[in-house]
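Reviewing the structure listed below.
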Amino acid sequence: MQITKNISNFTSRNKKCMPDTKKDIINRLRKDILLWEGFKPPQAGNAGTFGLGPVEAAFPNSVFPTGTIHEMLCPAQEQVAATTGFMAGILTSLMQQGGVCLWIGVSRRLFPPSLMVFGVEPDRVIFVDLQREKDVLWAMEEALKCEGLAAVVAELREINFAQSRRLQLAVENSRVTGFLLRNDPRKVGATTCVARWQITPLPSKLADDLPGVGFPRWQVDLLKVRNGNPGSWKLEWVDGSFVVIDEKVIANEVLERKAG
Amino acid sequence: MQRRFVSIWFRHLTTDWLTLRRPELREVPFVFAASVRGRIVVTAANVLAKANGITAGMAAADAKAIVPSLEVVDDIPGQAAKLLKALGEWCIRYTPLIAADLPDGLILDVSGCAHLWGGERAYLGAIIKILRSKGYDARGAMADTVGTAWAVARFGRVKPIIESDRQADALLPLPPAALRLEPVILERLQKLGFYTIKSFIGIGRSVLRRRFGQGFLLRLDQALGSEDEPLQLLQPVEPYQERLPCLEPIRTETGIEIAIKKLLESLCLRLQGEGKGLRTAILKCYRVDGQLIEVSIGTNRASHHIGHLFKLFELKISSIEPALGIELFILEAPKVEDVDPVQEVLWSPEGCGLEDASLAELLDRLANKIGAGSIHRYLPDEHYWPERSIKIARSLKEKPGTAWRTDRPRPSLLLPRPERIEVTSLIPDYPPMLFIYKNKVHQVKKADGPERIEREWWLESGEHRDYYYVEDQDGSRYWLFRSGHYSGNQSGQWFIHGFFA
């Protein structure tokens, strides 16, 4: 009772002094909470965006988190392909400064020349092909400890919370960005990853109903995100950058066409 | 490689040296003399003295009688050896393998060196010319064996450079003294009338051995090249090796760790001083029960970083079985390379290139645990056939020879081998209307193609492939192909080869 009264006093006083700063205060408080929770703001000189547009807005501070681990769920083979494409688009920005990416997997099917479409030079990716899943975790942890890398991608089927915590500890020191590509996961448990994604391919569209296959288009679902807002978007990879497809625009186009 | 040797003969080694020290002696006949069994005997004579008939071994009093103005200087024992050592070390600029050939010569192992001076003639000429310009009366010769080079330098009259495998021809006209024989044997040969090597080289070996002993045959074989002749090098090439004997046999893991650290410290210190780093290292553990255990590591680039190398060995310690104890550790570095000096980066924002040391160290760690064969990097190859369009890079430094192609769609995932699918399609070259892959029916809604890729007949035989880029009702994109032209039996011709993003 006492507390609510205090708060109402506080808000009313604020309203009186600066009525339109209430939102600012809440934003500032949110940022403070993030800091107290140990969330580091992006480093200076590292402010390059990933061209993800509204997707980035779902993250705290509206910045795509680097120096952490992202988890990508791919229950089907087709989703692995789509995820590879989406991830390669992000890797392009990460590898801009001449960095190297390490790709660790057990039965890798990635075809290196296809990375070129997404702007990643395939000769700057080093592939580590292992026999056992256990070795993948070890290799990923070793790689994440190496500060020189731009990103580390690991294809894994299963990972438990303890294992993901080891990776998170490695990443906190080195600030390397990690991606866990979970092919055909049997069980999706809690992990320390900062975000959990699921990418599904969508039918492509060409202008004016031309024949042929258009630009790769995906349904990007951000299922879980630490301190952010999960969401769902439709993205397309056009000429070396992500384009977010606005549903309304499409709807309007269809209407116009129908009317025309 | 064909081995080549140069023999340099200093005709007046000690007297030339004294002339350099005391230029006023240049115009004066002088000799070195030493006391031998109560007599003062000439040990070396300069050019002017020799011209008057004074030779080494003559009594100093006799020499004085021939040339009254002769100056006699006390011999300095060991001076010749000292001079040869200094001259030999100076000659290291021409080859690293140099031996002193007492009393008055040098032997240079010049295998693979001469081309740096533009051929053997220029090489030998450069050495002799510079020695003569310094004031030493030097003669040199080059041949396949030490013996022949020695003989030609001292007795040769025709040419100083003997071509490969022609040492027998060069030796034939020379006197037996050219074979570096003992005076007793030389005297015997003289008595028997063997004035040139030609006159006895055809005699049976058993006869020669009986008459002149085994040493005579050895010298002959060394000159001809059928016997090897080891050199006592002035600066021996030391192998990169460290030893650590233990007072008590080592049986624990900590003990082995300490041993490896100690060995690495001393080896890396030496490598660092020479600006080198090791590419492979072998640790040999000699056990008390006579067994030898070896573990080896390899690095992607030359390294003399103790911490890094220790980490690589750390992964191998578990495979060392000490049993009753290890009494001797030996660390060898058989493969050593120059280290590129690393320039410190003041500020690197993020990521580093392929040349970075930390990346190489990471790959070393991975390679030592899981094997170097499982780490790949790919470069474009000039083939249209998808499986052959990439090749494995041999090193981290290798750059793509050609650009990556982007003009044709290529799938994100490529199946290691194409898988058969069931298809309904129009003839002749339409994409499929539907296909069945893993018991699932995919209705093809959009398609691109065909892109025909011919098989490279000079590499393998078989049908060409017509590739289609198709999209099904769910939006999944696939890479399908038909193998060859349609034939009577249409089933089994269609394959799925990849998945697009």
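Residue names in the structure tokens use chain letters A, B, ... in the order shown, residue numbers from 1 in each chain, and ligand numbers from 1 in the order shown.
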
*Give the residues of chain A that lie within 6 Å of chain B; count only C-alpha atoms, and format the answer as a list in words.*
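Here they are: Ala81, Ala82, Gly85, Gly98, Gly99, Arg109, Leu110, Phe111, Ser114, Asp123, Ile126, Phe127, Val128, Asp129, Gly148, Leu149, Ala150, Pro201, Leu202, Pro203, Gly212 and Val213 of chain A.
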
* Excluding stretch 58-67 of chain A and residues on its chain fewer than 3 positions from it, collect all residues at most 9 Å away from it, counting only C-alpha atoms, and give them as number ranges by chain. => A: 31, 34, 39, 41-42, 47, 49-50, 52, 54-55, 70, 94, 151, 171-178, 194-195, 222, 225-231

Can you spit out the residues from that selection as an mmCIF file, in the first residue's frame, using C-alpha atoms?
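After the write, result-v4.cif holds the following:
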```cif
data_model
loop_
_atom_site.group_PDB
_atom_site.id
_atom_site.type_symbol
_atom_site.label_atom_id
_atom_site.label_comp_id
_atom_site.auth_asym_id
_atom_site.auth_seq_id
_atom_site.Cartn_x
_atom_site.Cartn_y
_atom_site.Cartn_z
ATOM 1 C CA LYS A 31 19.480 -0.064 -19.670
ATOM 2 C CA LEU A 34 20.826 -4.702 -18.373
ATOM 3 C CA PHE A 39 25.050 -7.400 -20.283
ATOM 4 C CA PRO A 41 27.072 -2.725 -24.308
ATOM 5 C CA PRO A 42 28.693 -3.032 -27.750
ATOM 6 C CA ALA A 47 29.078 -0.391 -34.298
ATOM 7 C CA THR A 49 25.173 -3.102 -38.350
ATOM 8 C CA PHE A 50 24.221 -6.411 -39.865
ATOM 9 C CA LEU A 52 18.930 -6.966 -40.349
ATOM 10 C CA PRO A 54 13.757 -4.680 -37.504
ATOM 11 C CA VAL A 55 15.292 -7.998 -36.467
ATOM 12 C CA HIS A 70 23.575 -18.123 -31.055
ATOM 13 C CA LEU A 94 31.577 -10.364 -38.908
ATOM 14 C CA ALA A 151 33.363 -16.485 -35.773
ATOM 15 C CA VAL A 171 33.249 -16.609 -25.167
ATOM 16 C CA GLU A 172 33.078 -14.126 -22.308
ATOM 17 C CA ASN A 173 36.859 -13.795 -22.310
ATOM 18 C CA SER A 174 37.579 -13.858 -26.001
ATOM 19 C CA ARG A 175 34.495 -12.037 -27.386
ATOM 20 C CA VAL A 176 34.305 -14.417 -30.342
ATOM 21 C CA THR A 177 30.880 -14.963 -31.873
ATOM 22 C CA GLY A 178 29.736 -18.569 -31.936
ATOM 23 C CA VAL A 194 21.837 -15.519 -26.158
ATOM 24 C CA ALA A 195 19.338 -16.268 -28.881
ATOM 25 C CA LEU A 222 13.576 -15.605 -33.075
ATOM 26 C CA VAL A 225 16.317 -13.988 -26.831
ATOM 27 C CA ARG A 226 17.951 -12.888 -23.611
ATOM 28 C CA ASN A 227 16.627 -9.492 -22.502
ATOM 29 C CA GLY A 228 14.919 -8.938 -25.824
ATOM 30 C CA ASN A 229 11.659 -9.530 -27.573
ATOM 31 C CA PRO A 230 11.167 -12.704 -29.586
ATOM 32 C CA GLY A 231 9.602 -12.220 -32.960
#
```

Close residues, B:Ala44 itself excluded, 6 Å, only C-alpha atoms, min 3 positions apart in chain, as an mmCIF file with N, CA and C atoms, in the first residue's frame:
```cif
data_model
loop_
_atom_site.group_PDB
_atom_site.id
_atom_site.type_symbol
_atom_site.label_atom_id
_atom_site.label_comp_id
_atom_site.auth_asym_id
_atom_site.auth_seq_id
_atom_site.Cartn_x
_atom_site.Cartn_y
_atom_site.Cartn_z
ATOM 1 N N VAL B 31 113.665 -17.219 -43.907
ATOM 2 C CA VAL B 31 113.152 -18.561 -43.601
ATOM 3 C C VAL B 31 112.723 -18.610 -42.134
ATOM 4 N N PHE B 32 111.806 -19.534 -41.858
ATOM 5 C CA PHE B 32 111.505 -19.890 -40.475
ATOM 6 C C PHE B 32 112.402 -21.061 -40.119
ATOM 7 N N ALA B 56 112.453 -26.415 -47.274
ATOM 8 C CA ALA B 56 112.191 -26.818 -45.899
ATOM 9 C C ALA B 56 112.939 -28.109 -45.612
#
```

Can you pull out the residues contacting A:Gln198? Cut-off 10 Å, using only C-alpha atoms, and skip same-chain residues under 6 positions away; I want them as a list in words.
Glu71, Met72, Leu73, Cys74, Pro75, Gln79, Val80, Ala82, Thr83, Arg182, Trp218, Gln219, Val220, Asp221, Leu222, Leu223, Lys224 and Ser232 of chain A

Leaving out B:Glu71 and any residue of its chain fewer than 2 positions from it, which residues lie within 7 Å of it when counting only C-alpha atoms, given as a PDB file with N, CA and C atoms, in the first residue's frame?
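Writing done, so here's around_9.pdb:
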```
ATOM      1  N   PRO B  29     114.978 -12.351 -48.769  1.00  0.00           N
ATOM      2  CA  PRO B  29     114.779 -13.782 -48.593  1.00  0.00           C
ATOM      3  C   PRO B  29     114.845 -14.134 -47.099  1.00  0.00           C
ATOM      4  N   PHE B  30     113.846 -14.812 -46.601  1.00  0.00           N
ATOM      5  CA  PHE B  30     113.893 -15.192 -45.186  1.00  0.00           C
ATOM      6  C   PHE B  30     113.313 -16.591 -44.999  1.00  0.00           C
ATOM      7  N   VAL B  31     113.665 -17.219 -43.907  1.00  0.00           N
ATOM      8  CA  VAL B  31     113.152 -18.561 -43.601  1.00  0.00           C
ATOM      9  C   VAL B  31     112.723 -18.610 -42.134  1.00  0.00           C
ATOM     10  N   SER B  69     122.668 -13.147 -47.238  1.00  0.00           N
ATOM     11  CA  SER B  69     121.784 -12.108 -46.681  1.00  0.00           C
ATOM     12  C   SER B  69     120.496 -12.689 -46.100  1.00  0.00           C
ATOM     13  N   VAL B  73     114.170 -16.458 -39.058  1.00  0.00           N
ATOM     14  CA  VAL B  73     113.180 -16.078 -38.042  1.00  0.00           C
ATOM     15  C   VAL B  73     112.807 -17.332 -37.266  1.00  0.00           C
TER      16      VAL B  73
END
```

Legend entry - All residues 10 Å or closer to B:Ile92, only C-alpha atoms, same chain fewer than 5 positions away omitted, as an MDAnalysis selection string: chainID B and resid 87 97:98 108 234:235

Can you write just those residues out, N, CA and C atoms, as a compact mmCIF listing (two decimals), in the first residue's frame?
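Done, and the output landed in again.txt:
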```txt
# COMPACT_ATOMS: atom_id res chain seq x y z
N LEU B 87 91.59 -18.40 -41.49
CA LEU B 87 91.25 -18.31 -42.92
C LEU B 87 89.98 -19.13 -43.22
N LEU B 97 80.52 -25.51 -44.67
CA LEU B 97 81.23 -26.73 -44.29
C LEU B 97 82.69 -26.61 -44.70
N ILE B 98 83.55 -26.29 -43.73
CA ILE B 98 84.95 -26.05 -44.02
C ILE B 98 85.80 -26.83 -43.04
N LEU B 108 86.92 -27.29 -48.61
CA LEU B 108 85.60 -26.70 -48.54
C LEU B 108 84.61 -27.67 -49.18
N LEU B 234 85.39 -27.14 -39.17
CA LEU B 234 85.79 -26.07 -38.24
C LEU B 234 84.62 -25.68 -37.36
N GLN B 235 83.45 -25.54 -37.99
CA GLN B 235 82.25 -25.21 -37.23
C GLN B 235 81.22 -26.28 -37.52
```

For B:Lys276, the closest of B:Leu233, B:Ala114, B:Leu220, B:Ala302 counting only C-alpha atoms is B:Ala302

Atom pair atom CA of B:Tyr467 + atom CA of B:Arg482, distance 6.7 Å
